[in-house]
Every structure is written in C-alpha cells, then in structure tokens.
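Novice: One structure is given below, represented as structure tokens, and several questions about it will come after.
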Amino acid sequence: MRAILPILLVFSAAAGFAQDNTLTAQEKAEGWILLFDGRSLNGWDQGGRSVWRAENRVLVADQGPAANLRYETPFSDFILKADWRQGADGNSGIFIRSALQGQPATTGYEIQIWNDHPEFPTGSLVFHVKAKPVKPAPDVWHTFEITAQGDHYVIVLDGETILDARDSKSKEGYILLQHNQDKRIEFRNLKLKRLGSQ
C-alpha cells in the first residue's frame, strides 16, 4: 500500500495539471469553447507588439510597453471564465464588449484586476460600477466568472459574487487582456460559453 500511494499522488497531480486549458466532456456538451490552447497565441492579436507569450501553459506578459491582447472574435452575451495571477504591484484587467478601434475601457467595459485602485477595485466595471471590496492575494491563482447578458453583468471571484449590476453602454464587442508596462500578469483556463441564440 505504501508503494501505491505515491504513485496515486503523482497520477493525481499529473491529471490535475492536464486539466488546465482543456474542456471537459460536460463543458463541450454545454457549448463552452476554449480561448487559449495552452501552447500558442492562436486566435489572439497583440497589435504587432511582442509582449505576450505562451509559457508553461500560461499566457504571460511581464515586461515591455503596455499592450492589450485581443481575441479575434467579438461576442455579445456570454459567460467567461478566466484564471489570473499577478504580483503585489500588479495592475491589469479584462476588457469585454470593446470595439475594434478606440480605448477598450471606453468603448466597452474593463473588469478590474488591481487591488489598489482608489475608486474601482478588483472586480469592478471601471468607470461604471464599483465591486464589493476584496483583496485577492498576490502571487496565487484566482478565478473570475464573468456573465454579460443584455445589460446585466455579474462578476464572481473565487466563487463569491462581488458585482451584480446593469449598464447598457455596450452589448457586443471584443475580449482583451490588459498588460500595463512592466507589470507581470498571467492568464490560463480562458473558457467562454455563448448565451442566447447567437
């Protein structure tokens, strides 16, 4: 039994690692799509800059000028899941329903990933709705579940709903991941499920 237990632990750890950036059979049946394959930037555009990269099954940006990474397909109503991790001085965000041109936080919405913003802390719709105050620990993985349906927005952080609000500015657009200059940010397990008949 002693010999079997370490083998089982190694197998369980390997199985857990293999689950990153993949869809389960149930997720596939429910219509989820994978936005990041764990190996490349396929489907993403960083506007000609070379700031973002795929490394160790993670999307990473950690140096160089500010550069947003945009997914190639616009979406309207959806649920987006994303794991993210940043350092204590991190400052990032996820833009949704943003236009192809213009500032993504102006044409769409930014879901904040920055604990120290004086008005719109992590989980907020920047410039629109303040989330419940939270302080996600640095250097560990956290999970957002973002629901955008019509004018209704729900942000869940690590299983806790921190924002439930309505705003009608934008109903469709692109998803972008934000990198601020020399601020390390990592993403993995980017999954999306369309809602409605789109």
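As shown in the structure tokens, the chain order sets the letters A, B, ...; within each chain, residues go from 1, and ligands are also counted from 1 in the order they appear.
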Would you kindly return, as a list in words, each protein, DNA or RNA residue with an atom no farther than 9 Å from any atom of Ile33 in chain A, considering only C-alpha atoms and excluding same-chain residues fewer than 4 positions away?
Specialist: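 Listed by chain and then number, they are Leu23, Glu27, Lys28, Leu190, Lys191, Leu192, Lys193 and Arg194 of chain A.
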Novice: Within 12 Å of range 29-32 of chain A, counting only C-alpha atoms, which residues qualify if same-chain residues fewer than 3 places away don't, as a ChimeraX atom specification?
Specialist: /A:22-26,35,78-81,189-198
Novice: Selection from above, N, CA, C and O atoms, as a PDB file, in the first residue's frame, can you write it?
Specialist:
```
ATOM      1  N   THR A  22      -8.069  22.939 -21.019  1.00  0.00           N
ATOM      2  CA  THR A  22      -8.816  21.911 -21.726  1.00  0.00           C
ATOM      3  C   THR A  22     -10.284  22.031 -21.339  1.00  0.00           C
ATOM      4  O   THR A  22     -10.627  22.681 -20.350  1.00  0.00           O
ATOM      5  N   LEU A  23     -11.143  21.401 -22.129  1.00  0.00           N
ATOM      6  CA  LEU A  23     -12.568  21.358 -21.824  1.00  0.00           C
ATOM      7  C   LEU A  23     -12.944  19.940 -21.429  1.00  0.00           C
ATOM      8  O   LEU A  23     -12.504  18.974 -22.056  1.00  0.00           O
ATOM      9  N   THR A  24     -13.762  19.840 -20.399  1.00  0.00           N
ATOM     10  CA  THR A  24     -14.274  18.533 -20.024  1.00  0.00           C
ATOM     11  C   THR A  24     -15.361  18.121 -21.022  1.00  0.00           C
ATOM     12  O   THR A  24     -15.872  18.952 -21.799  1.00  0.00           O
ATOM     13  N   ALA A  25     -15.727  16.857 -20.987  1.00  0.00           N
ATOM     14  CA  ALA A  25     -16.802  16.381 -21.859  1.00  0.00           C
ATOM     15  C   ALA A  25     -18.097  17.132 -21.577  1.00  0.00           C
ATOM     16  O   ALA A  25     -18.852  17.469 -22.503  1.00  0.00           O
ATOM     17  N   GLN A  26     -18.358  17.419 -20.316  1.00  0.00           N
ATOM     18  CA  GLN A  26     -19.572  18.150 -19.963  1.00  0.00           C
ATOM     19  C   GLN A  26     -19.538  19.569 -20.500  1.00  0.00           C
ATOM     20  O   GLN A  26     -20.539  20.072 -21.025  1.00  0.00           O
ATOM     21  N   LEU A  35     -10.558  29.493 -25.337  1.00  0.00           N
ATOM     22  CA  LEU A  35      -9.956  30.652 -25.991  1.00  0.00           C
ATOM     23  C   LEU A  35      -8.435  30.601 -26.011  1.00  0.00           C
ATOM     24  O   LEU A  35      -7.806  31.326 -26.783  1.00  0.00           O
ATOM     25  N   PHE A  78     -22.578  36.182 -22.969  1.00  0.00           N
ATOM     26  CA  PHE A  78     -21.693  35.053 -22.694  1.00  0.00           C
ATOM     27  C   PHE A  78     -21.385  34.929 -21.207  1.00  0.00           C
ATOM     28  O   PHE A  78     -21.626  35.845 -20.413  1.00  0.00           O
ATOM     29  N   ILE A  79     -20.814  33.782 -20.866  1.00  0.00           N
ATOM     30  CA  ILE A  79     -20.136  33.581 -19.592  1.00  0.00           C
ATOM     31  C   ILE A  79     -18.666  33.342 -19.924  1.00  0.00           C
ATOM     32  O   ILE A  79     -18.350  32.505 -20.764  1.00  0.00           O
ATOM     33  N   LEU A  80     -17.784  34.084 -19.292  1.00  0.00           N
ATOM     34  CA  LEU A  80     -16.343  33.949 -19.500  1.00  0.00           C
ATOM     35  C   LEU A  80     -15.701  33.524 -18.189  1.00  0.00           C
ATOM     36  O   LEU A  80     -15.919  34.141 -17.144  1.00  0.00           O
ATOM     37  N   LYS A  81     -14.921  32.449 -18.251  1.00  0.00           N
ATOM     38  CA  LYS A  81     -14.131  32.020 -17.097  1.00  0.00           C
ATOM     39  C   LYS A  81     -12.662  32.270 -17.393  1.00  0.00           C
ATOM     40  O   LYS A  81     -12.187  32.006 -18.504  1.00  0.00           O
ATOM     41  N   ASN A 189      -6.766  28.917 -18.561  1.00  0.00           N
ATOM     42  CA  ASN A 189      -8.137  28.397 -18.495  1.00  0.00           C
ATOM     43  C   ASN A 189      -9.168  29.439 -18.922  1.00  0.00           C
ATOM     44  O   ASN A 189     -10.161  29.681 -18.220  1.00  0.00           O
ATOM     45  N   LEU A 190      -8.937  30.036 -20.072  1.00  0.00           N
ATOM     46  CA  LEU A 190      -9.864  31.017 -20.634  1.00  0.00           C
ATOM     47  C   LEU A 190     -10.931  30.272 -21.424  1.00  0.00           C
ATOM     48  O   LEU A 190     -10.650  29.708 -22.491  1.00  0.00           O
ATOM     49  N   LYS A 191     -12.142  30.269 -20.893  1.00  0.00           N
ATOM     50  CA  LYS A 191     -13.233  29.500 -21.492  1.00  0.00           C
ATOM     51  C   LYS A 191     -14.464  30.385 -21.617  1.00  0.00           C
ATOM     52  O   LYS A 191     -14.735  31.220 -20.734  1.00  0.00           O
ATOM     53  N   LEU A 192     -15.217  30.202 -22.685  1.00  0.00           N
ATOM     54  CA  LEU A 192     -16.388  31.036 -22.925  1.00  0.00           C
ATOM     55  C   LEU A 192     -17.575  30.188 -23.385  1.00  0.00           C
ATOM     56  O   LEU A 192     -17.407  29.272 -24.189  1.00  0.00           O
ATOM     57  N   LYS A 193     -18.726  30.556 -22.871  1.00  0.00           N
ATOM     58  CA  LYS A 193     -19.981  29.926 -23.296  1.00  0.00           C
ATOM     59  C   LYS A 193     -20.920  31.011 -23.772  1.00  0.00           C
ATOM     60  O   LYS A 193     -21.269  31.936 -23.021  1.00  0.00           O
ATOM     61  N   ARG A 194     -21.320  30.938 -25.039  1.00  0.00           N
ATOM     62  CA  ARG A 194     -22.281  31.904 -25.555  1.00  0.00           C
ATOM     63  C   ARG A 194     -23.650  31.674 -24.923  1.00  0.00           C
ATOM     64  O   ARG A 194     -24.048  30.530 -24.679  1.00  0.00           O
ATOM     65  N   LEU A 195     -24.362  32.766 -24.714  1.00  0.00           N
ATOM     66  CA  LEU A 195     -25.717  32.696 -24.169  1.00  0.00           C
ATOM     67  C   LEU A 195     -26.708  33.171 -25.232  1.00  0.00           C
ATOM     68  O   LEU A 195     -26.381  34.036 -26.047  1.00  0.00           O
ATOM     69  N   GLY A 196     -27.879  32.611 -25.216  1.00  0.00           N
ATOM     70  CA  GLY A 196     -28.883  33.011 -26.195  1.00  0.00           C
ATOM     71  C   GLY A 196     -28.697  32.318 -27.511  1.00  0.00           C
ATOM     72  O   GLY A 196     -28.070  31.264 -27.603  1.00  0.00           O
ATOM     73  N   SER A 197     -29.193  32.922 -28.581  1.00  0.00           N
ATOM     74  CA  SER A 197     -29.229  32.279 -29.900  1.00  0.00           C
ATOM     75  C   SER A 197     -28.123  32.743 -30.837  1.00  0.00           C
ATOM     76  O   SER A 197     -28.178  32.479 -32.024  1.00  0.00           O
ATOM     77  N   GLN A 198     -27.117  33.446 -30.329  1.00  0.00           N
ATOM     78  CA  GLN A 198     -26.044  33.967 -31.186  1.00  0.00           C
ATOM     79  C   GLN A 198     -25.203  32.847 -31.786  1.00  0.00           C
ATOM     80  O   GLN A 198     -25.119  31.752 -31.294  1.00  0.00           O
TER      81      GLN A 198
END
```
Novice: Contacts of Leu163 in chain A at 9 Å or less, counting only C-alpha atoms, minus same-chain residues fewer than 2 places along, as a tab-separated table (two decimals) with all heavy atoms, in the first residue's frame?
Specialist:
```
chain	number	residue	atom	x	y	z
A	123	GLY	N	-12.48	43.53	-9.71
A	123	GLY	CA	-13.83	43.04	-9.95
A	123	GLY	C	-14.82	44.10	-10.39
A	123	GLY	O	-15.93	43.78	-10.82
A	124	SER	N	-14.43	45.37	-10.31
A	124	SER	CA	-15.32	46.46	-10.70
A	124	SER	C	-15.42	46.59	-12.21
A	124	SER	O	-14.51	46.19	-12.95
A	124	SER	CB	-14.81	47.79	-10.14
A	124	SER	OG	-14.77	47.80	-8.73
A	125	LEU	N	-16.53	47.17	-12.68
A	125	LEU	CA	-16.63	47.66	-14.05
A	125	LEU	C	-16.09	49.09	-14.02
A	125	LEU	O	-16.79	50.02	-13.58
A	125	LEU	CB	-18.08	47.65	-14.55
A	125	LEU	CG	-18.77	46.29	-14.70
A	125	LEU	CD1	-20.20	46.48	-15.19
A	125	LEU	CD2	-18.01	45.39	-15.64
A	129	VAL	N	-19.33	50.73	-12.33
A	129	VAL	CA	-19.89	50.15	-11.11
A	129	VAL	C	-18.76	49.61	-10.24
A	129	VAL	O	-17.90	48.86	-10.71
A	129	VAL	CB	-20.87	49.00	-11.42
A	129	VAL	CG1	-21.51	48.49	-10.13
A	129	VAL	CG2	-21.94	49.44	-12.41
A	130	LYS	N	-18.77	49.98	-8.97
A	130	LYS	CA	-17.78	49.51	-8.01
A	130	LYS	C	-18.17	48.14	-7.47
A	130	LYS	O	-19.31	47.91	-7.09
A	130	LYS	CB	-17.65	50.51	-6.86
A	130	LYS	CG	-16.62	50.13	-5.80
A	130	LYS	CD	-16.54	51.20	-4.74
A	130	LYS	CE	-15.51	50.83	-3.67
A	130	LYS	NZ	-15.40	51.91	-2.64
A	131	ALA	N	-17.21	47.23	-7.45
A	131	ALA	CA	-17.45	45.89	-6.91
A	131	ALA	C	-17.35	45.90	-5.38
A	131	ALA	O	-16.83	46.84	-4.77
A	131	ALA	CB	-16.44	44.90	-7.48
A	132	LYS	N	-17.83	44.83	-4.78
A	132	LYS	CA	-17.64	44.61	-3.35
A	132	LYS	C	-16.14	44.62	-3.06
A	132	LYS	O	-15.36	43.99	-3.78
A	132	LYS	CB	-18.24	43.26	-2.97
A	132	LYS	CG	-18.01	42.84	-1.54
A	132	LYS	CD	-18.61	41.46	-1.29
A	132	LYS	CE	-18.32	40.98	0.11
A	132	LYS	NZ	-18.90	39.62	0.34
A	153	TYR	N	-24.70	42.40	-15.73
A	153	TYR	CA	-23.33	41.94	-15.51
A	153	TYR	C	-23.19	41.35	-14.12
A	153	TYR	O	-23.62	41.96	-13.13
A	153	TYR	CB	-22.33	43.11	-15.67
A	153	TYR	CG	-22.33	43.67	-17.07
A	153	TYR	CD1	-23.24	44.66	-17.44
A	153	TYR	CD2	-21.46	43.17	-18.03
A	153	TYR	CE1	-23.26	45.16	-18.73
A	153	TYR	CE2	-21.48	43.66	-19.33
A	153	TYR	CZ	-22.38	44.65	-19.67
A	153	TYR	OH	-22.40	45.13	-20.95
A	154	VAL	N	-22.60	40.17	-14.06
A	154	VAL	CA	-22.33	39.51	-12.80
A	154	VAL	C	-20.87	39.08	-12.79
A	154	VAL	O	-20.41	38.42	-13.72
A	154	VAL	CB	-23.24	38.28	-12.56
A	154	VAL	CG1	-22.89	37.60	-11.24
A	154	VAL	CG2	-24.71	38.68	-12.59
A	155	ILE	N	-20.15	39.48	-11.75
A	155	ILE	CA	-18.75	39.13	-11.60
A	155	ILE	C	-18.60	38.26	-10.36
A	155	ILE	O	-18.96	38.69	-9.25
A	155	ILE	CB	-17.84	40.37	-11.47
A	155	ILE	CG1	-18.14	41.40	-12.55
A	155	ILE	CG2	-16.37	39.95	-11.46
A	155	ILE	CD1	-17.88	40.94	-13.95
A	156	VAL	N	-18.07	37.06	-10.55
A	156	VAL	CA	-17.82	36.14	-9.44
A	156	VAL	C	-16.32	35.94	-9.34
A	156	VAL	O	-15.66	35.61	-10.33
A	156	VAL	CB	-18.53	34.79	-9.68
A	156	VAL	CG1	-18.21	33.81	-8.55
A	156	VAL	CG2	-20.04	34.99	-9.81
A	161	THR	N	-19.81	36.15	-5.44
A	161	THR	CA	-20.33	37.23	-6.28
A	161	THR	C	-19.94	38.56	-5.67
A	161	THR	O	-20.31	38.88	-4.54
A	161	THR	CB	-21.85	37.14	-6.41
A	161	THR	OG1	-22.20	35.89	-7.02
A	161	THR	CG2	-22.40	38.27	-7.27
A	165	ALA	N	-24.86	43.99	-11.48
A	165	ALA	CA	-25.29	45.34	-11.85
A	165	ALA	C	-25.77	45.37	-13.29
A	165	ALA	O	-25.62	44.41	-14.04
A	165	ALA	CB	-24.13	46.31	-11.66
```
Novice: Can you pull out the residues contacting range 168-176 of chain A? Cut-off 7 Å, using only C-alpha atoms, and skip same-chain residues under 4 positions away; I want them as a list in words.
Specialist: Asn68, Leu69, Arg70, Tyr71, Thr73, Pro74, Phe75, Ser76, Ile94, Phe95, Ile96, Arg97, Ser98, Ala99, Gly108, Gly150 and Asp151 of chain A
Novice: Pull the alpha helix (DSSP H) assignments for range 28-189 of chain A out of DSSP run on the backbone, and list those residues as number ranges by chain.
Specialist: A: 28-30, 104-107
Novice: Output N, CA, C and O atoms for every residue in the selection just made, as a PDB file, in the first residue's frame.
Specialist:
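Writing the result to selection15.pdb gives the following:
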```
ATOM      1  N   LYS A  28     -17.919  20.667 -23.098  1.00  0.00           N
ATOM      2  CA  LYS A  28     -18.124  20.593 -24.547  1.00  0.00           C
ATOM      3  C   LYS A  28     -19.594  20.411 -24.875  1.00  0.00           C
ATOM      4  O   LYS A  28     -20.124  21.049 -25.789  1.00  0.00           O
ATOM      5  N   ALA A  29     -20.268  19.546 -24.122  1.00  0.00           N
ATOM      6  CA  ALA A  29     -21.687  19.293 -24.355  1.00  0.00           C
ATOM      7  C   ALA A  29     -22.525  20.543 -24.077  1.00  0.00           C
ATOM      8  O   ALA A  29     -23.560  20.756 -24.707  1.00  0.00           O
ATOM      9  N   GLU A  30     -22.064  21.372 -23.145  1.00  0.00           N
ATOM     10  CA  GLU A  30     -22.788  22.591 -22.782  1.00  0.00           C
ATOM     11  C   GLU A  30     -22.473  23.761 -23.714  1.00  0.00           C
ATOM     12  O   GLU A  30     -23.063  24.832 -23.574  1.00  0.00           O
ATOM     13  N   PRO A 104     -10.417  50.423 -25.228  1.00  0.00           N
ATOM     14  CA  PRO A 104     -11.360  49.352 -24.881  1.00  0.00           C
ATOM     15  C   PRO A 104     -12.178  49.622 -23.627  1.00  0.00           C
ATOM     16  O   PRO A 104     -13.318  49.161 -23.519  1.00  0.00           O
ATOM     17  N   ALA A 105     -11.616  50.376 -22.674  1.00  0.00           N
ATOM     18  CA  ALA A 105     -12.385  50.683 -21.463  1.00  0.00           C
ATOM     19  C   ALA A 105     -13.463  51.723 -21.723  1.00  0.00           C
ATOM     20  O   ALA A 105     -14.426  51.837 -20.961  1.00  0.00           O
ATOM     21  N   THR A 106     -13.316  52.465 -22.818  1.00  0.00           N
ATOM     22  CA  THR A 106     -14.300  53.491 -23.178  1.00  0.00           C
ATOM     23  C   THR A 106     -15.383  52.929 -24.086  1.00  0.00           C
ATOM     24  O   THR A 106     -16.568  53.216 -23.911  1.00  0.00           O
ATOM     25  N   THR A 107     -14.972  52.116 -25.059  1.00  0.00           N
ATOM     26  CA  THR A 107     -15.953  51.557 -25.997  1.00  0.00           C
ATOM     27  C   THR A 107     -16.673  50.340 -25.414  1.00  0.00           C
ATOM     28  O   THR A 107     -17.763  49.996 -25.855  1.00  0.00           O
TER      29      THR A 107
END
```
Novice: For Asp158 in chain A, find every residue with an atom within 8 Å (counting only C-alpha atoms), except residues of its own chain fewer than 6 positions away, and show them as a PyMOL selection string.
Specialist: chain A and resi 142-144
Novice: Just the residues within 9 Å of Pro138 in chain A, please, counting only C-alpha atoms, with nothing from its chain fewer than 6 positions along; format it as a compact mmCIF listing (two decimals) with C-alpha atoms, in the first residue's frame.
Specialist:
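The file below, part23.txt, is the result:
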```txt
# COMPACT_ATOMS: atom_id res chain seq x y z
CA ARG A 85 -2.29 35.69 -11.25
CA GLN A 86 -0.21 38.80 -10.62
CA GLY A 87 2.28 40.22 -8.15
CA ALA A 88 1.68 42.59 -5.25
CA ASP A 89 2.23 45.62 -7.51
CA GLY A 90 0.07 44.21 -10.32
```
Novice: Distance CA of Ile185 in chain A-CA of Glu160 in chain A, one decimal place?
Specialist: 21.8 Å
Novice: Between A:Leu59, A:Tyr109, A:Lys183, A:Asn115, single out the one closest to Ala82 in chain A, counting only C-alpha atoms.
Specialist: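 Nearest to Ala82 in chain A: A:Leu59.
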Novice: Quick check for you: according to DSSP on this backbone, which residues of range 2-196 of chain A are classed as strand (DSSP E or B)? Reply as a PyMOL selection string.
Specialist: chain A and resi 32-34+44-45+53-55+58-61+69-71+75+78-86+92-98+109-113+125+129+142-149+152-157+160-166+173-177+185-194
Novice: Could you tell me how far CA of Asp182 in chain A sits from CA of Gly64 in chain A, in Å to one decimal place?
Specialist: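 So the two atoms, CA of Gly64 in chain A and CA of Asp182 in chain A, lie 5.6 Å apart.
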Novice: Residues near Trp52 in chain A, anyone? I mean within 8 Å using only C-alpha atoms, not counting same-chain ones fewer than 2 positions away, as a ChimeraX atom specification.
Specialist: /A:46,50,54,59-62,67,69
Novice: Closest to Val134 in chain A among A:Thr147, A:Gln178, A:Gln112, A:Asn91, using only C-alpha atoms?
Specialist: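 Using only C-alpha atoms, the shortest distance to Val134 in chain A belongs to A:Gln112.
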